[in-house]
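**Q** Just coords27.cif, nothing more (mmCIF, C-alpha atoms):
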data_query
#
loop_
_atom_site.label_atom_id
_atom_site.label_comp_id
_atom_site.auth_asym_id
_atom_site.auth_seq_id
_atom_site.Cartn_x
_atom_site.Cartn_y
_atom_site.Cartn_z
CA MET A 1 -67.40 -18.59 63.43
CA THR A 2 -70.19 -17.34 61.22
CA ILE A 3 -71.70 -19.39 58.42
CA ARG A 4 -70.21 -16.92 55.91
CA ALA A 5 -66.70 -17.33 57.33
CA THR A 6 -67.04 -21.08 57.38
CA VAL A 7 -68.04 -21.20 53.70
CA PHE A 8 -65.11 -18.91 52.71
CA THR A 9 -62.60 -21.04 54.61
CA THR A 10 -63.93 -24.23 53.06
CA LEU A 11 -63.67 -22.78 49.53
CA PHE A 12 -60.11 -21.56 50.18
CA LEU A 13 -58.96 -24.95 51.42
CA LEU A 14 -60.58 -26.66 48.42
CA ALA A 15 -58.90 -24.28 45.93
CA THR A 16 -55.52 -24.80 47.58
CA THR A 17 -55.91 -28.57 47.46
CA LEU A 18 -56.90 -28.51 43.78
CA SER A 19 -53.99 -26.19 42.92
CA SER A 20 -51.49 -28.46 44.64
CA ALA A 21 -52.92 -31.43 42.83
CA GLY A 22 -52.60 -29.56 39.51
CA ILE A 23 -48.92 -28.80 40.15
CA ALA A 24 -48.24 -32.41 41.00
CA ASN A 25 -50.02 -33.57 37.86
CA ALA A 26 -48.05 -31.06 35.75
CA GLU A 27 -44.76 -32.29 37.20
CA ASP A 28 -45.76 -35.86 36.52
CA ASP A 29 -46.80 -34.88 32.97
CA VAL A 30 -43.31 -33.44 32.16
CA PHE A 31 -41.88 -36.92 31.96
CA SER A 32 -44.43 -38.00 29.42
CA GLN A 33 -43.43 -35.27 26.97
CA SER A 34 -40.83 -35.43 24.18
CA ILE A 35 -37.78 -33.23 24.64
CA ALA A 36 -37.81 -30.50 22.01
CA PRO A 37 -34.45 -29.65 20.36
CA MET A 38 -32.88 -26.49 21.72
CA THR A 39 -33.35 -23.41 19.58
CA THR A 40 -30.53 -21.08 18.63
CA LEU A 41 -31.82 -18.45 21.03
CA GLU A 42 -31.78 -21.02 23.84
CA CYS A 43 -28.16 -21.84 22.99
CA ALA A 44 -27.39 -18.12 23.08
CA ARG A 45 -28.39 -17.86 26.75
CA CYS A 46 -25.14 -19.60 27.66
CA HIS A 47 -23.12 -18.97 24.49
CA GLU A 48 -23.80 -15.28 24.04
CA GLN A 49 -20.44 -14.43 22.43
CA VAL A 50 -20.79 -17.26 19.93
CA PHE A 51 -24.26 -16.02 19.03
CA THR A 52 -22.97 -12.44 18.64
CA ASP A 53 -20.07 -13.56 16.43
CA LEU A 54 -22.41 -15.53 14.17
CA ARG A 55 -24.89 -12.68 13.98
CA ASP A 56 -22.35 -9.94 13.20
CA GLN A 57 -19.47 -11.73 11.45
CA GLY A 58 -20.65 -15.25 10.67
CA GLY A 59 -20.83 -14.84 6.91
CA ALA A 60 -21.90 -18.15 5.35
CA HIS A 61 -21.68 -19.73 8.82
CA LYS A 62 -24.65 -17.68 10.02
CA MET A 63 -26.84 -20.76 10.48
CA VAL A 64 -28.86 -22.25 13.32
CA CYS A 65 -26.57 -23.97 15.82
CA ARG A 66 -27.90 -27.48 15.24
CA ASP A 67 -27.00 -27.36 11.54
CA CYS A 68 -23.40 -27.90 12.63
CA HIS A 69 -23.65 -29.13 16.21
CA GLU A 70 -25.64 -32.33 15.90
CA THR A 71 -23.82 -33.76 18.92
CA PHE A 72 -23.10 -31.35 21.73
CA HIS A 73 -22.65 -31.13 25.50
CA ASN A 74 -21.43 -34.69 25.50
CA PHE A 75 -18.13 -34.99 27.31
CA SER A 76 -18.04 -38.73 27.69
CA LYS A 77 -14.45 -39.91 28.04
CA GLN A 78 -15.05 -42.29 25.17
CA LEU A 79 -15.56 -39.39 22.72
CA THR A 80 -12.66 -37.43 21.21
CA TRP A 81 -12.81 -33.69 20.57
CA GLN A 82 -13.22 -34.40 16.84
CA GLN A 83 -16.30 -36.51 17.62
CA ARG A 84 -17.87 -33.77 19.72
CA VAL A 85 -17.18 -30.86 17.37
CA PRO A 86 -18.08 -30.84 13.64
CA ALA A 87 -15.19 -31.00 11.19
CA CYS A 88 -14.77 -28.22 8.62
CA SER A 89 -14.38 -30.88 5.92
CA ASP A 90 -17.92 -32.13 6.64
CA CYS A 91 -19.15 -29.19 4.57
CA HIS A 92 -16.12 -27.65 2.87
CA ASP A 93 -14.07 -30.64 1.79
CA TYR A 94 -10.51 -29.25 1.40
CA PRO A 95 -10.79 -25.94 -0.49
CA HIS A 96 -7.10 -25.06 -0.01
CA GLY A 97 -5.66 -28.53 -0.58
CA GLU A 98 -5.04 -31.50 1.68
CA SER A 99 -1.54 -30.68 2.89
CA ALA A 100 -1.19 -30.62 6.66
CA ILE A 101 -0.81 -26.85 6.93
CA MET A 102 -3.64 -26.03 4.50
CA SER A 103 -6.12 -28.46 6.06
CA ALA A 104 -5.57 -27.15 9.62
CA CYS A 105 -8.42 -24.67 9.17
CA LEU A 106 -8.38 -23.11 12.64
CA THR A 107 -4.73 -22.15 12.25
CA CYS A 108 -5.84 -19.28 10.02
CA HIS A 109 -9.60 -19.11 10.64
CA SER A 110 -9.10 -18.91 14.41
CA ASN A 111 -12.83 -18.48 15.17
CA ALA A 112 -15.17 -20.80 13.26
CA HIS A 113 -18.10 -18.55 14.21
CA ALA A 114 -16.44 -15.56 12.48
CA PRO A 115 -14.41 -17.41 9.83
CA VAL A 116 -13.25 -14.49 7.69
CA ALA A 117 -13.09 -11.76 10.34
CA SER A 118 -10.91 -13.98 12.53
CA LEU A 119 -8.25 -14.74 9.94
CA ASN A 120 -4.89 -14.66 11.69
CA LEU A 121 -2.82 -12.57 9.29
CA ASN A 122 0.48 -13.19 11.07
CA THR A 123 0.00 -16.90 10.40
CA LEU A 124 -1.61 -16.33 7.02
CA GLU A 125 1.03 -14.18 5.29
CA PRO A 126 3.61 -16.94 4.66
CA LEU A 127 0.81 -18.97 3.08
CA CYS A 128 -0.62 -16.34 0.70
CA HIS A 129 1.10 -17.97 -2.28
CA GLN A 130 -0.71 -21.26 -1.62
CA CYS A 131 -3.99 -19.74 -2.85
CA HIS A 132 -2.80 -16.70 -4.79
CA GLN A 133 -0.28 -18.37 -7.07
CA GLN A 134 -0.39 -15.93 -10.00
CA PRO A 135 0.16 -12.77 -7.88
CA ALA A 136 2.92 -14.58 -5.99
CA GLU A 137 4.67 -15.45 -9.27
CA GLU A 138 4.33 -11.89 -10.55
CA MET A 139 5.77 -10.52 -7.31
CA THR A 140 9.01 -12.41 -7.94
CA GLN A 141 9.74 -10.01 -10.84
CA PRO A 142 11.88 -7.00 -9.82
CA SER A 143 9.82 -3.90 -9.07
CA ALA A 144 9.14 -1.49 -6.22
CA HIS A 145 6.20 -3.66 -5.17
CA SER A 146 8.19 -6.91 -5.11
CA ASP A 147 10.20 -5.61 -2.16
CA MET A 148 7.02 -5.37 -0.07
CA THR A 149 5.12 -7.95 1.94
CA CYS A 150 1.49 -8.75 1.14
CA SER A 151 0.25 -7.13 4.34
CA GLU A 152 1.90 -3.80 3.54
CA CYS A 153 -0.81 -3.27 0.92
CA HIS A 154 -3.57 -5.63 2.05
CA GLN A 155 -3.12 -4.46 5.62
CA ASP A 156 -5.01 -5.87 8.58
CA ARG A 157 -7.73 -8.03 7.05
CA HIS A 158 -7.96 -10.64 4.34
CA GLY A 159 -9.47 -9.31 1.13
CA TYR A 160 -8.62 -5.65 1.78
CA LEU A 161 -7.88 -3.89 -1.53
CA PRO A 162 -6.10 -0.55 -1.11
CA LYS A 163 -6.47 2.42 -3.38
CA CYS A 164 -3.31 3.20 -5.32
CA THR A 165 -3.44 6.73 -3.89
CA GLU A 166 -2.88 5.42 -0.38
CA CYS A 167 0.80 5.37 -1.35
CA HIS A 168 1.10 7.19 -4.65
CA GLU A 169 -1.30 10.13 -4.35
CA GLU A 170 -1.92 11.30 -7.97
CA PRO A 171 1.41 10.83 -9.77
CA HIS A 172 0.47 11.87 -13.30
CA SER A 173 -3.30 12.20 -13.78
CA PRO A 174 -6.41 12.77 -11.64
CA PHE A 175 -7.24 9.59 -9.73
CA ILE A 176 -10.41 7.84 -10.88
CA SER A 177 -10.01 4.33 -9.49
CA SER A 178 -7.34 1.74 -8.84
CA LYS A 179 -8.78 -0.22 -11.76
CA ALA A 180 -7.97 2.69 -14.06
CA CYS A 181 -4.35 2.72 -12.81
CA MET A 182 -4.06 -1.00 -13.41
CA GLN A 183 -4.88 -0.59 -17.09
CA CYS A 184 -1.23 0.44 -17.43
CA HIS A 185 0.35 -0.81 -14.19
CA PRO A 186 -0.33 -4.50 -13.35
CA VAL A 187 -0.35 -4.16 -9.58
CA HIS A 188 1.76 -7.23 -8.75
CA HIS A 189 4.24 -6.52 -11.55
CA VAL A 190 4.26 -2.75 -11.84
CA SER A 191 7.42 -2.58 -13.94
CA ASP A 192 5.59 -4.36 -16.75
CA LEU A 193 3.72 -1.48 -18.39
CA LEU A 194 1.08 -3.18 -20.50
CA TYR A 195 -2.11 -1.62 -21.66
CA SER A 196 -5.08 -2.19 -23.92
CA ASP A 197 -6.60 -0.31 -26.83
CA ALA A 198 -9.36 0.84 -24.49
CA ILE A 199 -7.14 3.28 -22.58
CA ASP A 200 -8.31 6.85 -23.08
CA ASN A 201 -5.82 9.34 -24.47
CA SER A 202 -6.31 11.52 -21.40
CA ALA A 203 -4.58 8.83 -19.30
CA CYS A 204 -1.51 9.00 -21.56
CA GLY A 205 -1.72 12.79 -21.41
CA GLY A 206 -1.02 12.68 -17.68
CA CYS A 207 2.65 12.17 -18.55
CA HIS A 208 2.70 13.06 -22.26
CA GLU A 209 0.79 16.32 -22.11
CA GLU A 210 2.15 18.02 -25.26
CA PRO A 211 1.56 15.19 -27.79
CA ALA A 212 -1.84 14.44 -26.23
CA THR A 213 -2.88 18.08 -26.59
CA GLU A 214 -1.64 18.24 -30.18
CA LEU A 215 -3.52 15.07 -31.05
CA LYS A 216 -6.72 16.33 -29.42
CA GLN A 217 -6.56 19.61 -31.33
CA GLY A 218 -5.78 17.97 -34.67
CA HIS A 219 -8.36 17.79 -37.44
CA LEU A 220 -6.94 15.01 -39.63
CA ALA A 221 -7.08 11.21 -39.41
CA HIS A 222 -4.55 10.78 -36.59
CA SER A 223 -6.71 12.82 -34.19
CA LEU A 224 -9.34 10.06 -34.35
CA LEU A 225 -6.96 7.40 -33.03
CA ASN A 226 -6.13 6.24 -29.53
CA CYS A 227 -2.49 6.63 -28.54
CA THR A 228 -2.33 2.86 -28.18
CA PHE A 229 -3.23 2.38 -31.84
CA CYS A 230 0.28 3.48 -32.81
CA HIS A 231 2.07 2.86 -29.49
CA ALA A 232 0.71 -0.64 -29.17
CA GLU A 233 1.25 -3.58 -26.81
CA GLU A 234 3.70 -2.01 -24.38
CA HIS A 235 4.73 1.37 -23.06
CA GLY A 236 7.35 3.08 -25.21
CA ALA A 237 6.61 1.07 -28.35
CA MET A 238 7.16 3.15 -31.50
CA THR A 239 5.64 2.52 -34.89
CA THR A 240 6.75 3.79 -38.30
CA CYS A 241 4.62 5.47 -40.91
CA ASN A 242 5.11 2.48 -43.21
CA ASP A 243 3.50 0.12 -40.65
CA CYS A 244 0.16 1.62 -41.67
CA HIS A 245 0.73 3.50 -44.88
CA ASP A 246 3.17 1.34 -46.86
CA THR A 247 4.78 3.69 -49.39
CA PRO A 248 2.05 5.97 -50.75
CA HIS A 249 4.38 8.07 -52.91
CA SER A 250 6.70 7.16 -55.73
CA ALA A 251 10.41 6.62 -55.16
CA GLU A 252 11.20 9.59 -57.40
CA MET A 253 9.06 11.88 -55.31
CA LEU A 254 10.66 10.72 -52.07
CA GLU A 255 14.20 11.36 -53.29
CA GLY A 256 13.97 15.00 -52.30
CA PHE A 257 12.90 14.38 -48.69
CA SER A 258 14.51 12.76 -45.67
CA ASP A 259 11.27 11.34 -44.22
CA CYS A 260 7.49 11.78 -44.06
CA ASN A 261 7.73 14.55 -41.45
CA ASP A 262 9.28 16.90 -43.99
CA CYS A 263 5.83 17.33 -45.53
CA HIS A 264 3.40 16.00 -43.00
CA GLY A 265 4.96 17.43 -39.85
CA ASN A 266 4.60 16.01 -36.39
CA PRO A 267 2.47 12.81 -36.41
CA HIS A 268 0.61 14.17 -33.33
CA ASN A 269 -0.15 17.40 -35.19
CA LEU A 270 -0.53 16.08 -38.71
CA LEU A 271 -0.36 18.53 -41.62
CA PRO A 272 -2.01 17.89 -45.00
CA GLY A 273 1.30 18.31 -46.79
CA SER A 274 2.62 21.02 -49.00
#
Could you render the structure as structure tokens?
**A**
Amino acid sequence: MTIRATVFTTLFLLATTLSSAGIANAEDDVFSQSIAPMTTLECARCHEQVFTDLRDQGGAHKMVCRDCHETFHNFSKQLTWQQRVPACSDCHDYPHGESAIMSACLTCHSNAHAPVASLNLNTLEPLCHQCHQQPAEEMTQPSAHSDMTCSECHQDRHGYLPKCTECHEEPHSPFISSKACMQCHPVHHVSDLLYSDAIDNSACGGCHEEPATELKQGHLAHSLLNCTFCHAEEHGAMTTCNDCHDTPHSAEMLEGFSDCNDCHGNPHNLLPGS
């Protein structure tokens, strides 16, 4: 063997020995280190579906795993399931009341990692009235809507708000929004036609086209009013001239006429009198 080959072999053996010693030292050093808490991405290596649910549908639950799971992977026989898994009430208290059915969160929110998206509507529907008391009370009043179940309108997910035109198309005026419809038709009590002074005359004109047109084309004081100024508080309400005008003419003058319309014409197409 040449001197050059001997030197090369010696260096190779030395490097191998030092490398082996380094590996041994590194292994020994592992046990002197503190164990770092697992990160959410490390959890995701085994719990990929949980990670995906939290990422895409977690809502307010989209947090790092250890915010909820302080104790995990501990299946000691001495620990119950409730001790291993965080309780909803640790953060939420009892938002729907403390009755047995309303505090069994996973009955409706079947996936805690997608709490809203996983709502079980088949289980949820009989309980709607527990949280939505006013709509439930209104739905007891006779109307076309009271014969329906909640899911017939709110369909396949909690919080879904349908457009009125999904069922009704455009019954009497061009559709703007469901909110515009509900100015006249309270959605959970549609037979109760209430409306405010803010309703535009064009909405009334959808059904009452002739008086709305006459009022729009008028040039006297009545043309400046909303329909609801005279037809106030509820649909079909009728006012009399004296509700606003008292009796502007003398009794002697009125003796020759049956009512105000004899001179002033149609209140939607007011004439100055003759």
**Q** I'd like to see the residues matched by the PyMOL selection byres ((chain A and resi 165-171) around 12) on this file, and ideally I'd get them as a list in words.
**A**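 The output of the PyMOL selection byres ((chain A and resi 165-171) around 12) on this file is Ala144, His145, Glu152, Cys153, His154, Gln155, Leu161, Pro162, Lys163, Cys164, His172, Ser173, Pro174, Phe175, Ile176, Ser177, Ser178, Lys179, Ala180, Cys181, Ala203, Gly206 and Cys207 of chain A.
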**Q** Next, dump the selected residues to file, keeping only C-alpha atoms, as an mmCIF file, keeping the file's coordinate frame.
**A**
data_model
loop_
_atom_site.group_PDB
_atom_site.id
_atom_site.type_symbol
_atom_site.label_atom_id
_atom_site.label_comp_id
_atom_site.auth_asym_id
_atom_site.auth_seq_id
_atom_site.Cartn_x
_atom_site.Cartn_y
_atom_site.Cartn_z
ATOM 1 C CA ALA A 144 9.140 -1.490 -6.220
ATOM 2 C CA HIS A 145 6.200 -3.660 -5.170
ATOM 3 C CA GLU A 152 1.900 -3.800 3.540
ATOM 4 C CA CYS A 153 -0.810 -3.270 0.920
ATOM 5 C CA HIS A 154 -3.570 -5.630 2.050
ATOM 6 C CA GLN A 155 -3.120 -4.460 5.620
ATOM 7 C CA LEU A 161 -7.880 -3.890 -1.530
ATOM 8 C CA PRO A 162 -6.100 -0.550 -1.110
ATOM 9 C CA LYS A 163 -6.470 2.420 -3.380
ATOM 10 C CA CYS A 164 -3.310 3.200 -5.320
ATOM 11 C CA HIS A 172 0.470 11.870 -13.300
ATOM 12 C CA SER A 173 -3.300 12.200 -13.780
ATOM 13 C CA PRO A 174 -6.410 12.770 -11.640
ATOM 14 C CA PHE A 175 -7.240 9.590 -9.730
ATOM 15 C CA ILE A 176 -10.410 7.840 -10.880
ATOM 16 C CA SER A 177 -10.010 4.330 -9.490
ATOM 17 C CA SER A 178 -7.340 1.740 -8.840
ATOM 18 C CA LYS A 179 -8.780 -0.220 -11.760
ATOM 19 C CA ALA A 180 -7.970 2.690 -14.060
ATOM 20 C CA CYS A 181 -4.350 2.720 -12.810
ATOM 21 C CA ALA A 203 -4.580 8.830 -19.300
ATOM 22 C CA GLY A 206 -1.020 12.680 -17.680
ATOM 23 C CA CYS A 207 2.650 12.170 -18.550
#
**Q** Quick one: pull the distance between CA of Gln141 (chain A) and CA of Ser196 (chain A), Å, one decimal.
**A** 21.3 Å
**Q** I'd like to see the residues matched by the PyMOL selection byres ((chain A and resi 68) around 12) on this file, and ideally I'd get them as an mmCIF file with C-alpha atoms, in the coordinates of the input.
**A**
data_model
loop_
_atom_site.group_PDB
_atom_site.id
_atom_site.type_symbol
_atom_site.label_atom_id
_atom_site.label_comp_id
_atom_site.auth_asym_id
_atom_site.auth_seq_id
_atom_site.Cartn_x
_atom_site.Cartn_y
_atom_site.Cartn_z
ATOM 1 C CA THR A 40 -30.530 -21.080 18.630
ATOM 2 C CA HIS A 61 -21.680 -19.730 8.820
ATOM 3 C CA LYS A 62 -24.650 -17.680 10.020
ATOM 4 C CA MET A 63 -26.840 -20.760 10.480
ATOM 5 C CA VAL A 64 -28.860 -22.250 13.320
ATOM 6 C CA CYS A 65 -26.570 -23.970 15.820
ATOM 7 C CA ARG A 66 -27.900 -27.480 15.240
ATOM 8 C CA ASP A 67 -27.000 -27.360 11.540
ATOM 9 C CA HIS A 69 -23.650 -29.130 16.210
ATOM 10 C CA GLU A 70 -25.640 -32.330 15.900
ATOM 11 C CA THR A 71 -23.820 -33.760 18.920
ATOM 12 C CA PHE A 72 -23.100 -31.350 21.730
ATOM 13 C CA ARG A 84 -17.870 -33.770 19.720
ATOM 14 C CA VAL A 85 -17.180 -30.860 17.370
ATOM 15 C CA PRO A 86 -18.080 -30.840 13.640
ATOM 16 C CA ALA A 87 -15.190 -31.000 11.190
ATOM 17 C CA CYS A 88 -14.770 -28.220 8.620
ATOM 18 C CA SER A 89 -14.380 -30.880 5.920
ATOM 19 C CA ASP A 90 -17.920 -32.130 6.640
ATOM 20 C CA CYS A 91 -19.150 -29.190 4.570
ATOM 21 C CA ALA A 112 -15.170 -20.800 13.260
ATOM 22 C CA HIS A 113 -18.100 -18.550 14.210
#
**Q** Tell me which residues the PyMOL selection byres ((chain A and resi 188-191) around 6) grabs here, as an NGL selection string.
**A** :A and (135 or 138-139 or 143 or 185-187 or 192-193)
**Q** In Å to one decimal, how far is CA of Leu224 (chain A) from CA of Asp246 (chain A)?
**A**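 CA of Asp246 (chain A) sits 19.7 Å away from CA of Leu224 (chain A).
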**Q** What lies within 7 Å of region 209-215 of chain A using only C-alpha atoms, ignoring chain neighbours under 6 positions off, as a VMD selection string?
**A** chain A and resid 201 223 268 to 269
**Q** Which neighbours of Ser118 (chain A) fall inside 12 Å, counting only C-alpha atoms, when residues of the same chain fewer than 6 positions from it are skipped, and could you give them as a ChimeraX atom specification?
**A** /A:53-54,57-59,105-112,124,156-158
**Q** To one decimal in Å, tell me the separation between CA of Glu42 (chain A) and CA of Ala114 (chain A).
**A**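 It comes out at 19.9 Å.
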**Q** Which of these residues is nearest to Thr240 (chain A), using all atoms listed in the file: A:Gln33, A:Asn261, A:Gln83, A:Thr149?
**A**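 So, comparing all the options, the nearest one is A:Asn261.
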**Q** Taking all atoms listed in the file into account, name the residue in A:Lys77, A:Arg55, A:His264, A:His231 that is nearest to Asp197 (chain A).
**A**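 Looking at the shortest contact to Asp197 (chain A), the residue is A:His231.
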**Q** Return the single residue from A:Gln183, A:Ser258, A:Gln133, A:Ser32 that is closest to Ile199 (chain A), with distances computed using all atoms listed in the file.
**A** A:Gln183
**Q** Given the point (-7.1, 18.4, -38.4) in the file's coordinates, find the residues that have an atom at most 9 Å from it, counting only C-alpha atoms, and give them as a list in words.
**A**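 All residues meeting the 9 Å criterion around (-7.1, 18.4, -38.4) are Leu215, Gln217, Gly218, His219, Leu220, Ala221, His222, Ser223, Asn269, Leu270, Leu271 and Pro272 of chain A.
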**Q** Using only C-alpha atoms, which residues sit within 9 Å of His235 (chain A) once same-chain residues fewer than 2 positions away are excluded, as a list in words?
**A**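 My reading of the contact set: Cys184, Asp192, Leu193, Leu194, Tyr195, Thr228, His231, Ala232, Glu233, Ala237 and Met238 of chain A.
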